[in-house]
file query_16.cif (mmCIF, N, CA and C atoms)
data_model
#
loop_
_atom_site.label_atom_id
_atom_site.label_comp_id
_atom_site.auth_asym_id
_atom_site.auth_seq_id
_atom_site.Cartn_x
_atom_site.Cartn_y
_atom_site.Cartn_z
N MET V 1180 1.25 -19.15 -0.42
CA MET V 1180 1.27 -17.78 -0.86
C MET V 1180 0.06 -17.02 -0.29
N ASP V 1181 -1.03 -17.74 -0.10
CA ASP V 1181 -2.23 -17.11 0.46
C ASP V 1181 -1.96 -16.57 1.86
N ARG V 1182 -1.15 -17.28 2.63
CA ARG V 1182 -0.82 -16.81 3.98
C ARG V 1182 -0.05 -15.50 3.93
N TRP V 1183 0.88 -15.37 2.98
CA TRP V 1183 1.65 -14.13 2.85
C TRP V 1183 0.73 -12.99 2.44
N ARG V 1184 -0.18 -13.28 1.52
CA ARG V 1184 -1.14 -12.25 1.11
C ARG V 1184 -2.03 -11.83 2.28
N GLY V 1185 -2.46 -12.82 3.06
CA GLY V 1185 -3.27 -12.52 4.24
C GLY V 1185 -2.52 -11.67 5.25
N LEU V 1186 -1.26 -12.00 5.47
CA LEU V 1186 -0.43 -11.23 6.39
C LEU V 1186 -0.25 -9.80 5.88
N LYS V 1187 0.01 -9.68 4.59
CA LYS V 1187 0.16 -8.35 3.98
C LYS V 1187 -1.11 -7.53 4.17
N ASP V 1188 -2.26 -8.16 3.93
CA ASP V 1188 -3.54 -7.46 4.09
C ASP V 1188 -3.77 -7.04 5.54
N LEU V 1189 -3.42 -7.91 6.49
CA LEU V 1189 -3.58 -7.56 7.91
C LEU V 1189 -2.71 -6.36 8.29
N VAL V 1190 -1.46 -6.39 7.88
CA VAL V 1190 -0.54 -5.29 8.20
C VAL V 1190 -1.02 -4.00 7.53
N GLN V 1191 -1.42 -4.10 6.28
CA GLN V 1191 -1.89 -2.93 5.55
C GLN V 1191 -3.14 -2.33 6.22
N ASP V 1192 -4.08 -3.17 6.61
CA ASP V 1192 -5.28 -2.69 7.31
C ASP V 1192 -4.93 -2.06 8.65
N ALA V 1193 -3.99 -2.68 9.37
CA ALA V 1193 -3.59 -2.15 10.68
C ALA V 1193 -2.98 -0.75 10.54
N VAL V 1194 -2.14 -0.57 9.53
CA VAL V 1194 -1.53 0.75 9.31
C VAL V 1194 -2.60 1.76 8.91
N GLU V 1195 -3.50 1.38 8.01
CA GLU V 1195 -4.56 2.28 7.55
C GLU V 1195 -5.44 2.73 8.72
N HIS V 1196 -5.99 1.77 9.44
CA HIS V 1196 -6.92 2.11 10.53
C HIS V 1196 -6.19 2.72 11.72
N GLY V 1197 -4.98 2.27 11.97
CA GLY V 1197 -4.19 2.85 13.05
C GLY V 1197 -3.87 4.31 12.78
N SER V 1198 -3.51 4.62 11.55
CA SER V 1198 -3.21 6.00 11.18
C SER V 1198 -4.44 6.89 11.34
N ARG V 1199 -5.58 6.39 10.92
CA ARG V 1199 -6.82 7.19 11.06
C ARG V 1199 -7.16 7.42 12.53
N SER V 1200 -6.98 6.40 13.36
CA SER V 1200 -7.27 6.54 14.79
C SER V 1200 -6.30 7.52 15.46
N VAL V 1201 -5.02 7.39 15.15
CA VAL V 1201 -4.02 8.28 15.74
C VAL V 1201 -4.28 9.73 15.30
N GLU V 1202 -4.63 9.92 14.04
CA GLU V 1202 -4.93 11.27 13.55
C GLU V 1202 -6.09 11.87 14.34
N ARG V 1203 -7.16 11.09 14.53
CA ARG V 1203 -8.31 11.58 15.31
C ARG V 1203 -7.91 11.92 16.73
N LEU V 1204 -7.13 11.03 17.37
CA LEU V 1204 -6.71 11.27 18.75
C LEU V 1204 -5.82 12.51 18.86
N GLN V 1205 -4.92 12.70 17.92
CA GLN V 1205 -4.04 13.86 17.96
C GLN V 1205 -4.83 15.16 17.80
N LYS V 1206 -5.80 15.16 16.90
CA LYS V 1206 -6.63 16.36 16.74
C LYS V 1206 -7.45 16.62 18.00
N HIS V 1207 -7.99 15.55 18.59
CA HIS V 1207 -8.78 15.70 19.80
C HIS V 1207 -7.92 16.22 20.96
N ALA V 1208 -6.69 15.71 21.09
CA ALA V 1208 -5.79 16.14 22.16
C ALA V 1208 -5.42 17.62 22.02
N ALA V 1209 -5.32 18.10 20.79
CA ALA V 1209 -4.94 19.50 20.56
C ALA V 1209 -6.14 20.44 20.66
N LYS V 1210 -7.35 19.91 20.64
CA LYS V 1210 -8.55 20.75 20.62
C LYS V 1210 -8.67 21.62 21.87
N LEU V 1211 -8.52 21.06 23.06
CA LEU V 1211 -8.69 21.82 24.29
C LEU V 1211 -7.70 22.98 24.40
N PRO V 1212 -6.40 22.75 24.19
CA PRO V 1212 -5.48 23.89 24.26
C PRO V 1212 -5.82 24.98 23.23
N PHE V 1213 -6.18 24.59 22.02
CA PHE V 1213 -6.55 25.59 21.02
C PHE V 1213 -7.82 26.33 21.44
N ASP V 1214 -8.81 25.58 21.95
CA ASP V 1214 -10.05 26.21 22.41
C ASP V 1214 -9.77 27.23 23.52
N LEU V 1215 -8.91 26.87 24.47
CA LEU V 1215 -8.59 27.78 25.57
C LEU V 1215 -7.84 29.02 25.07
N LEU V 1216 -6.90 28.81 24.20
CA LEU V 1216 -6.13 29.94 23.68
C LEU V 1216 -7.00 30.88 22.84
N GLU V 1217 -7.99 30.33 22.17
CA GLU V 1217 -8.88 31.17 21.37
C GLU V 1217 -9.79 32.04 22.24
N GLN V 1218 -9.85 31.77 23.54
CA GLN V 1218 -10.65 32.60 24.45
C GLN V 1218 -9.94 33.90 24.81
N ILE V 1219 -8.69 34.00 24.47
CA ILE V 1219 -7.91 35.22 24.75
C ILE V 1219 -8.02 36.12 23.52
N PRO V 1220 -8.78 37.22 23.63
CA PRO V 1220 -9.08 38.05 22.45
C PRO V 1220 -7.87 38.50 21.62
N PRO V 1221 -6.77 38.97 22.22
CA PRO V 1221 -5.67 39.46 21.36
C PRO V 1221 -5.01 38.38 20.50
N ILE V 1222 -5.10 37.12 20.92
CA ILE V 1222 -4.42 36.06 20.14
C ILE V 1222 -5.40 35.12 19.45
N LYS V 1223 -6.67 35.46 19.47
CA LYS V 1223 -7.69 34.58 18.90
C LYS V 1223 -7.43 34.28 17.41
N ALA V 1224 -7.21 35.31 16.63
CA ALA V 1224 -7.00 35.12 15.18
C ALA V 1224 -5.73 34.32 14.88
N PRO V 1225 -4.59 34.65 15.51
CA PRO V 1225 -3.39 33.83 15.23
C PRO V 1225 -3.55 32.37 15.66
N VAL V 1226 -4.25 32.16 16.78
CA VAL V 1226 -4.44 30.78 17.26
C VAL V 1226 -5.29 29.99 16.26
N ARG V 1227 -6.30 30.64 15.69
CA ARG V 1227 -7.12 29.95 14.67
C ARG V 1227 -6.25 29.56 13.47
N GLY V 1228 -5.37 30.45 13.06
CA GLY V 1228 -4.47 30.14 11.94
C GLY V 1228 -3.53 29.00 12.28
N ILE V 1229 -3.00 29.02 13.51
CA ILE V 1229 -2.09 27.95 13.93
C ILE V 1229 -2.84 26.62 14.01
N ARG V 1230 -4.10 26.65 14.49
CA ARG V 1230 -4.89 25.41 14.55
C ARG V 1230 -5.11 24.87 13.14
N LEU V 1231 -5.40 25.76 12.20
CA LEU V 1231 -5.60 25.33 10.82
C LEU V 1231 -4.33 24.70 10.26
N ILE V 1232 -3.19 25.34 10.52
CA ILE V 1232 -1.91 24.79 10.06
C ILE V 1232 -1.66 23.44 10.73
N HIS V 1233 -1.90 23.36 12.03
CA HIS V 1233 -1.71 22.11 12.77
C HIS V 1233 -2.56 20.98 12.18
N ASP V 1234 -3.86 21.25 12.03
CA ASP V 1234 -4.76 20.21 11.54
C ASP V 1234 -4.45 19.81 10.10
N THR V 1235 -4.10 20.79 9.28
CA THR V 1235 -3.76 20.49 7.88
C THR V 1235 -2.48 19.67 7.79
N THR V 1236 -1.48 20.05 8.59
CA THR V 1236 -0.22 19.30 8.60
C THR V 1236 -0.44 17.88 9.09
N LEU V 1237 -1.21 17.76 10.16
CA LEU V 1237 -1.50 16.44 10.72
C LEU V 1237 -2.21 15.55 9.69
N SER V 1238 -3.21 16.11 9.03
CA SER V 1238 -3.92 15.35 7.99
C SER V 1238 -2.99 14.99 6.84
N GLY V 1239 -2.11 15.91 6.48
CA GLY V 1239 -1.16 15.64 5.39
C GLY V 1239 -0.18 14.53 5.74
N VAL V 1240 0.33 14.55 6.96
CA VAL V 1240 1.28 13.51 7.39
C VAL V 1240 0.59 12.14 7.39
N HIS V 1241 -0.60 12.09 8.00
CA HIS V 1241 -1.29 10.80 8.05
C HIS V 1241 -1.77 10.36 6.66
N GLY V 1242 -2.13 11.32 5.82
CA GLY V 1242 -2.48 10.98 4.44
C GLY V 1242 -1.29 10.39 3.70
N ALA V 1243 -0.09 10.96 3.94
CA ALA V 1243 1.12 10.43 3.31
C ALA V 1243 1.43 9.02 3.82
N ILE V 1244 1.23 8.81 5.11
CA ILE V 1244 1.44 7.46 5.68
C ILE V 1244 0.53 6.46 4.99
N ARG V 1245 -0.73 6.83 4.83
CA ARG V 1245 -1.68 5.90 4.20
C ARG V 1245 -1.37 5.70 2.72
N LEU V 1246 -0.91 6.75 2.05
CA LEU V 1246 -0.54 6.64 0.63
C LEU V 1246 0.64 5.69 0.46
N VAL V 1247 1.68 5.86 1.29
CA VAL V 1247 2.84 4.98 1.22
C VAL V 1247 2.43 3.55 1.57
N ASN V 1248 1.54 3.41 2.54
CA ASN V 1248 1.04 2.09 2.91
C ASN V 1248 0.39 1.38 1.72
N ARG V 1249 -0.44 2.11 0.98
CA ARG V 1249 -1.09 1.52 -0.20
C ARG V 1249 -0.06 1.20 -1.29
N ALA V 1250 0.92 2.07 -1.47
CA ALA V 1250 1.95 1.82 -2.49
C ALA V 1250 2.79 0.59 -2.13
N VAL V 1251 3.17 0.49 -0.88
CA VAL V 1251 3.95 -0.67 -0.44
C VAL V 1251 3.11 -1.94 -0.57
N GLY V 1252 1.83 -1.86 -0.23
CA GLY V 1252 0.94 -3.01 -0.39
C GLY V 1252 0.86 -3.46 -1.84
N GLY V 1253 0.78 -2.50 -2.75
CA GLY V 1253 0.76 -2.84 -4.17
C GLY V 1253 2.07 -3.47 -4.63
N ALA V 1254 3.18 -2.94 -4.13
CA ALA V 1254 4.49 -3.50 -4.49
C ALA V 1254 4.63 -4.93 -3.96
N VAL V 1255 4.17 -5.16 -2.74
CA VAL V 1255 4.23 -6.51 -2.17
C VAL V 1255 3.35 -7.46 -2.98
N ASP V 1256 2.19 -6.99 -3.44
CA ASP V 1256 1.33 -7.82 -4.29
C ASP V 1256 2.08 -8.25 -5.55
N VAL V 1257 2.80 -7.32 -6.17
CA VAL V 1257 3.55 -7.63 -7.39
C VAL V 1257 4.65 -8.64 -7.08
N VAL V 1258 5.38 -8.44 -5.99
CA VAL V 1258 6.45 -9.36 -5.62
C VAL V 1258 5.89 -10.76 -5.36
N LEU V 1259 4.79 -10.83 -4.63
CA LEU V 1259 4.18 -12.14 -4.35
C LEU V 1259 3.72 -12.81 -5.64
N PHE V 1260 3.18 -12.04 -6.57
CA PHE V 1260 2.76 -12.59 -7.86
C PHE V 1260 3.97 -13.15 -8.61
N LEU V 1261 5.06 -12.39 -8.65
CA LEU V 1261 6.26 -12.85 -9.36
C LEU V 1261 6.86 -14.09 -8.72
N VAL V 1262 6.88 -14.12 -7.40
CA VAL V 1262 7.40 -15.31 -6.70
C VAL V 1262 6.53 -16.51 -7.00
N GLU V 1263 5.23 -16.29 -7.01
CA GLU V 1263 4.30 -17.38 -7.32
C GLU V 1263 4.50 -17.89 -8.75
N GLN V 1264 4.71 -16.98 -9.69
CA GLN V 1264 4.93 -17.38 -11.08
C GLN V 1264 6.23 -18.17 -11.22
N LYS V 1265 7.26 -17.73 -10.51
CA LYS V 1265 8.54 -18.42 -10.60
C LYS V 1265 8.48 -19.80 -9.95
N ALA V 1266 7.65 -19.96 -8.94
CA ALA V 1266 7.55 -21.24 -8.23
C ALA V 1266 6.76 -22.27 -9.03
N ARG V 1267 5.95 -21.83 -9.98
CA ARG V 1267 5.17 -22.77 -10.78
C ARG V 1267 6.10 -23.56 -11.70
N PRO V 1268 5.81 -24.85 -11.87
CA PRO V 1268 6.66 -25.64 -12.78
C PRO V 1268 6.47 -25.16 -14.22
N ALA V 1269 7.54 -25.26 -14.98
CA ALA V 1269 7.48 -24.83 -16.38
C ALA V 1269 6.53 -25.75 -17.13
N GLU V 1270 5.76 -25.16 -18.03
CA GLU V 1270 4.81 -25.96 -18.80
C GLU V 1270 5.55 -26.80 -19.84
N ALA V 1271 5.06 -28.01 -20.08
CA ALA V 1271 5.68 -28.90 -21.06
C ALA V 1271 5.41 -28.36 -22.45
N PRO V 1272 6.35 -28.54 -23.38
CA PRO V 1272 6.13 -28.07 -24.74
C PRO V 1272 4.95 -28.81 -25.38
N THR V 1273 4.23 -28.12 -26.24
CA THR V 1273 3.06 -28.72 -26.90
C THR V 1273 3.45 -29.47 -28.16
N ASP V 1274 4.69 -29.30 -28.64
CA ASP V 1274 5.13 -30.01 -29.84
C ASP V 1274 5.37 -31.48 -29.51
N SER V 1275 5.50 -32.29 -30.55
CA SER V 1275 5.69 -33.73 -30.35
C SER V 1275 7.09 -34.04 -29.86
N ALA V 1276 7.21 -34.90 -28.93
CA ALA V 1276 8.42 -35.53 -28.39
C ALA V 1276 9.68 -34.69 -28.51
N GLY V 1277 9.64 -33.47 -28.09
CA GLY V 1277 10.84 -32.66 -28.01
C GLY V 1277 11.34 -32.12 -29.32
N ALA V 1278 10.62 -32.29 -30.40
CA ALA V 1278 11.06 -31.75 -31.69
C ALA V 1278 10.96 -30.24 -31.66
N THR V 1279 11.92 -29.58 -32.25
CA THR V 1279 11.88 -28.13 -32.32
C THR V 1279 11.07 -27.73 -33.53
N PRO V 1280 10.43 -26.57 -33.52
CA PRO V 1280 9.57 -26.18 -34.63
C PRO V 1280 10.30 -26.07 -35.97
N ASP V 1281 11.59 -25.73 -35.96
CA ASP V 1281 12.33 -25.55 -37.21
C ASP V 1281 12.96 -26.85 -37.71
N ALA V 1282 12.95 -27.89 -36.91
CA ALA V 1282 13.59 -29.14 -37.30
C ALA V 1282 12.70 -29.88 -38.29
N PRO V 1283 13.29 -30.44 -39.34
CA PRO V 1283 12.49 -31.19 -40.30
C PRO V 1283 12.01 -32.49 -39.67
N SER V 1284 10.84 -32.93 -40.08
CA SER V 1284 10.30 -34.18 -39.55
C SER V 1284 10.90 -35.34 -40.33
N GLY V 1285 10.93 -36.48 -39.69
CA GLY V 1285 11.46 -37.67 -40.35
C GLY V 1285 12.97 -37.77 -40.17
N SER V 1286 13.53 -38.82 -40.73
CA SER V 1286 14.97 -39.04 -40.59
C SER V 1286 15.68 -38.47 -41.80
N PRO V 1287 17.00 -38.28 -41.69
CA PRO V 1287 17.75 -37.72 -42.83
C PRO V 1287 17.74 -38.67 -44.04
N ASP V 1288 17.49 -39.94 -43.82
CA ASP V 1288 17.49 -40.89 -44.92
C ASP V 1288 16.22 -40.81 -45.75
N ASP V 1289 15.20 -40.07 -45.30
CA ASP V 1289 13.93 -39.98 -46.00
C ASP V 1289 13.98 -38.94 -47.12
N LYS V 1290 15.10 -38.31 -47.38
CA LYS V 1290 15.16 -37.26 -48.39
C LYS V 1290 14.94 -37.86 -49.78
N VAL V 1291 14.23 -37.10 -50.56
CA VAL V 1291 14.00 -37.50 -51.93
C VAL V 1291 15.05 -36.83 -52.80
N ILE V 1292 15.69 -37.62 -53.63
CA ILE V 1292 16.75 -37.07 -54.50
C ILE V 1292 16.28 -36.96 -55.90
#
call {"tool": "encode", "arguments": {"input": "query_16.cif", "output": "structure tokens"}}
result
Amino acid sequence: MDRWRGLKDLVQDAVEHGSRSVERLQKHAAKLPFDLLEQIPPIKAPVRGIRLIHDTTLSGVHGAIRLVNRAVGGAVDVVLFLVEQKARPAEAPTDSAGATPDAPSGSPDDKVI
């Protein structure tokens, strides 16, 4: 089970860090075109607004990816826990030799009349 948990952790970390890296790269790639367009006075203000929308949307999408990643990781943890619990052997009863708690002790011939 430890191997499955380790694999889950590796995948979860890869998605988390990968998403952060891709977000940074996408913002960096869009920076030059936005910077150039902002040099044109008549469209400077609209371009700033579009850049803000772009960056906010990009952060929101990658934030959602990371949120879902954490939720799925938590769900996998629960599933692995349940599988582990089911795989454990059932504990032996603590009562004596299979007697049920409601069963009277002794044989039926021991009754006092």
call {"tool": "closest_residue", "arguments": {"input": "query_16.cif", "among": "V:Phe1213, V:Glu1263, V:Ala1193, V:Leu1204", "to": "Ile1229 of chain V", "atoms": "all atoms listed in the file"}}
result
V:Phe1213
call {"tool": "atom_distance", "arguments": {"input": "query_16.cif", "atom1": "atom CA of His1241 of chain V", "atom2": "atom CA of Arg1184 of chain V"}}
result
24.1 Å
call {"tool": "atom_distance", "arguments": {"input": "query_16.cif", "atom1": "atom CA of Ala1243 of chain V", "atom2": "atom CA of Lys1210 of chain V"}}
result
22.4 Å
call {"tool": "atom_distance", "arguments": {"input": "query_16.cif", "atom1": "atom CA of Val1240 of chain V", "atom2": "atom CA of Ile1219 of chain V"}}
result
29.3 Å
call {"tool": "residues_near_point", "arguments": {"input": "query_16.cif", "point": "(-5.2, 23.2, 13.6)", "cutoff": "12 Å", "atoms": "only C-alpha atoms", "output": "list in words"}}
result
Glu1202, Gln1205, Lys1206, His1207, Ala1208, Ala1209, Lys1210, Leu1211, Pro1212, Phe1213, Asp1214, Glu1217, Pro1225, Val1226, Arg1227, Gly1228, Ile1229, Arg1230, Leu1231, Ile1232, His1233, Asp1234, Thr1235, Thr1236, Leu1237, Ser1238 and Gly1239 of chain V
call {"tool": "write_last_selection", "arguments": {"input": "query_16.cif", "atoms": "N, CA and C atoms", "output": "PDB file, in the coordinates of the input"}}
result
ATOM      1  N   GLU V1202      -4.630   9.920  14.040  1.00  0.00           N
ATOM      2  CA  GLU V1202      -4.930  11.270  13.550  1.00  0.00           C
ATOM      3  C   GLU V1202      -6.090  11.870  14.340  1.00  0.00           C
ATOM      4  N   GLN V1205      -4.920  12.700  17.920  1.00  0.00           N
ATOM      5  CA  GLN V1205      -4.040  13.860  17.960  1.00  0.00           C
ATOM      6  C   GLN V1205      -4.830  15.160  17.800  1.00  0.00           C
ATOM      7  N   LYS V1206      -5.800  15.160  16.900  1.00  0.00           N
ATOM      8  CA  LYS V1206      -6.630  16.360  16.740  1.00  0.00           C
ATOM      9  C   LYS V1206      -7.450  16.620  18.000  1.00  0.00           C
ATOM     10  N   HIS V1207      -7.990  15.550  18.590  1.00  0.00           N
ATOM     11  CA  HIS V1207      -8.780  15.700  19.800  1.00  0.00           C
ATOM     12  C   HIS V1207      -7.920  16.220  20.960  1.00  0.00           C
ATOM     13  N   ALA V1208      -6.690  15.710  21.090  1.00  0.00           N
ATOM     14  CA  ALA V1208      -5.790  16.140  22.160  1.00  0.00           C
ATOM     15  C   ALA V1208      -5.420  17.620  22.020  1.00  0.00           C
ATOM     16  N   ALA V1209      -5.320  18.100  20.790  1.00  0.00           N
ATOM     17  CA  ALA V1209      -4.940  19.500  20.560  1.00  0.00           C
ATOM     18  C   ALA V1209      -6.140  20.440  20.660  1.00  0.00           C
ATOM     19  N   LYS V1210      -7.350  19.910  20.640  1.00  0.00           N
ATOM     20  CA  LYS V1210      -8.550  20.750  20.620  1.00  0.00           C
ATOM     21  C   LYS V1210      -8.670  21.620  21.870  1.00  0.00           C
ATOM     22  N   LEU V1211      -8.520  21.060  23.060  1.00  0.00           N
ATOM     23  CA  LEU V1211      -8.690  21.820  24.290  1.00  0.00           C
ATOM     24  C   LEU V1211      -7.700  22.980  24.400  1.00  0.00           C
ATOM     25  N   PRO V1212      -6.400  22.750  24.190  1.00  0.00           N
ATOM     26  CA  PRO V1212      -5.480  23.890  24.260  1.00  0.00           C
ATOM     27  C   PRO V1212      -5.820  24.980  23.230  1.00  0.00           C
ATOM     28  N   PHE V1213      -6.180  24.590  22.020  1.00  0.00           N
ATOM     29  CA  PHE V1213      -6.550  25.590  21.020  1.00  0.00           C
ATOM     30  C   PHE V1213      -7.820  26.330  21.440  1.00  0.00           C
ATOM     31  N   ASP V1214      -8.810  25.580  21.950  1.00  0.00           N
ATOM     32  CA  ASP V1214     -10.050  26.210  22.410  1.00  0.00           C
ATOM     33  C   ASP V1214      -9.770  27.230  23.520  1.00  0.00           C
ATOM     34  N   GLU V1217      -7.990  30.330  22.170  1.00  0.00           N
ATOM     35  CA  GLU V1217      -8.880  31.170  21.370  1.00  0.00           C
ATOM     36  C   GLU V1217      -9.790  32.040  22.240  1.00  0.00           C
ATOM     37  N   PRO V1225      -4.590  34.650  15.510  1.00  0.00           N
ATOM     38  CA  PRO V1225      -3.390  33.830  15.230  1.00  0.00           C
ATOM     39  C   PRO V1225      -3.550  32.370  15.660  1.00  0.00           C
ATOM     40  N   VAL V1226      -4.250  32.160  16.780  1.00  0.00           N
ATOM     41  CA  VAL V1226      -4.440  30.780  17.260  1.00  0.00           C
ATOM     42  C   VAL V1226      -5.290  29.990  16.260  1.00  0.00           C
ATOM     43  N   ARG V1227      -6.300  30.640  15.690  1.00  0.00           N
ATOM     44  CA  ARG V1227      -7.120  29.950  14.670  1.00  0.00           C
ATOM     45  C   ARG V1227      -6.250  29.560  13.470  1.00  0.00           C
ATOM     46  N   GLY V1228      -5.370  30.450  13.060  1.00  0.00           N
ATOM     47  CA  GLY V1228      -4.470  30.140  11.940  1.00  0.00           C
ATOM     48  C   GLY V1228      -3.530  29.000  12.280  1.00  0.00           C
ATOM     49  N   ILE V1229      -3.000  29.020  13.510  1.00  0.00           N
ATOM     50  CA  ILE V1229      -2.090  27.950  13.930  1.00  0.00           C
ATOM     51  C   ILE V1229      -2.840  26.620  14.010  1.00  0.00           C
ATOM     52  N   ARG V1230      -4.100  26.650  14.490  1.00  0.00           N
ATOM     53  CA  ARG V1230      -4.890  25.410  14.550  1.00  0.00           C
ATOM     54  C   ARG V1230      -5.110  24.870  13.140  1.00  0.00           C
ATOM     55  N   LEU V1231      -5.400  25.760  12.200  1.00  0.00           N
ATOM     56  CA  LEU V1231      -5.600  25.330  10.820  1.00  0.00           C
ATOM     57  C   LEU V1231      -4.330  24.700  10.260  1.00  0.00           C
ATOM     58  N   ILE V1232      -3.190  25.340  10.520  1.00  0.00           N
ATOM     59  CA  ILE V1232      -1.910  24.790  10.060  1.00  0.00           C
ATOM     60  C   ILE V1232      -1.660  23.440  10.730  1.00  0.00           C
ATOM     61  N   HIS V1233      -1.900  23.360  12.030  1.00  0.00           N
ATOM     62  CA  HIS V1233      -1.710  22.110  12.770  1.00  0.00           C
ATOM     63  C   HIS V1233      -2.560  20.980  12.180  1.00  0.00           C
ATOM     64  N   ASP V1234      -3.860  21.250  12.030  1.00  0.00           N
ATOM     65  CA  ASP V1234      -4.760  20.210  11.540  1.00  0.00           C
ATOM     66  C   ASP V1234      -4.450  19.810  10.100  1.00  0.00           C
ATOM     67  N   THR V1235      -4.100  20.790   9.280  1.00  0.00           N
ATOM     68  CA  THR V1235      -3.760  20.490   7.880  1.00  0.00           C
ATOM     69  C   THR V1235      -2.480  19.670   7.790  1.00  0.00           C
ATOM     70  N   THR V1236      -1.480  20.050   8.590  1.00  0.00           N
ATOM     71  CA  THR V1236      -0.220  19.300   8.600  1.00  0.00           C
ATOM     72  C   THR V1236      -0.440  17.880   9.090  1.00  0.00           C
ATOM     73  N   LEU V1237      -1.210  17.760  10.160  1.00  0.00           N
ATOM     74  CA  LEU V1237      -1.500  16.440  10.720  1.00  0.00           C
ATOM     75  C   LEU V1237      -2.210  15.550   9.690  1.00  0.00           C
ATOM     76  N   SER V1238      -3.210  16.110   9.030  1.00  0.00           N
ATOM     77  CA  SER V1238      -3.920  15.350   7.990  1.00  0.00           C
ATOM     78  C   SER V1238      -2.990  14.990   6.840  1.00  0.00           C
ATOM     79  N   GLY V1239      -2.110  15.910   6.480  1.00  0.00           N
ATOM     80  CA  GLY V1239      -1.160  15.640   5.390  1.00  0.00           C
ATOM     81  C   GLY V1239      -0.180  14.530   5.740  1.00  0.00           C
TER      82      GLY V1239
END
call {"tool": "axis_aligned_box", "arguments": {"input": "query_16.cif", "around": "segment 1226-1230 of chain V", "padding_each_side": "3 Å", "output": "AutoDock Vina command-line options"}}
result
--center_x -4.6 --center_y 28.5 --center_z 14.6 --size_x 11.0 --size_y 13.3 --size_z 11.3
call {"tool": "closest_residue", "arguments": {"input": "query_16.cif", "among": "V:Arg1199, V:Gln1264, V:Val1258, V:Pro1220", "to": "Gly1242 of chain V", "atoms": "all atoms listed in the file"}}
result
V:Arg1199
call {"tool": "residues_around", "arguments": {"input": "query_16.cif", "residues": "segment 1244-1253 of chain V", "least_positions_apart": "5", "cutoff": "7 Å", "atoms": "only N, CA and C atoms", "output": "PyMOL selection string"}}
result
chain V and resi 1187+1191+1194-1195+1198+1239+1258
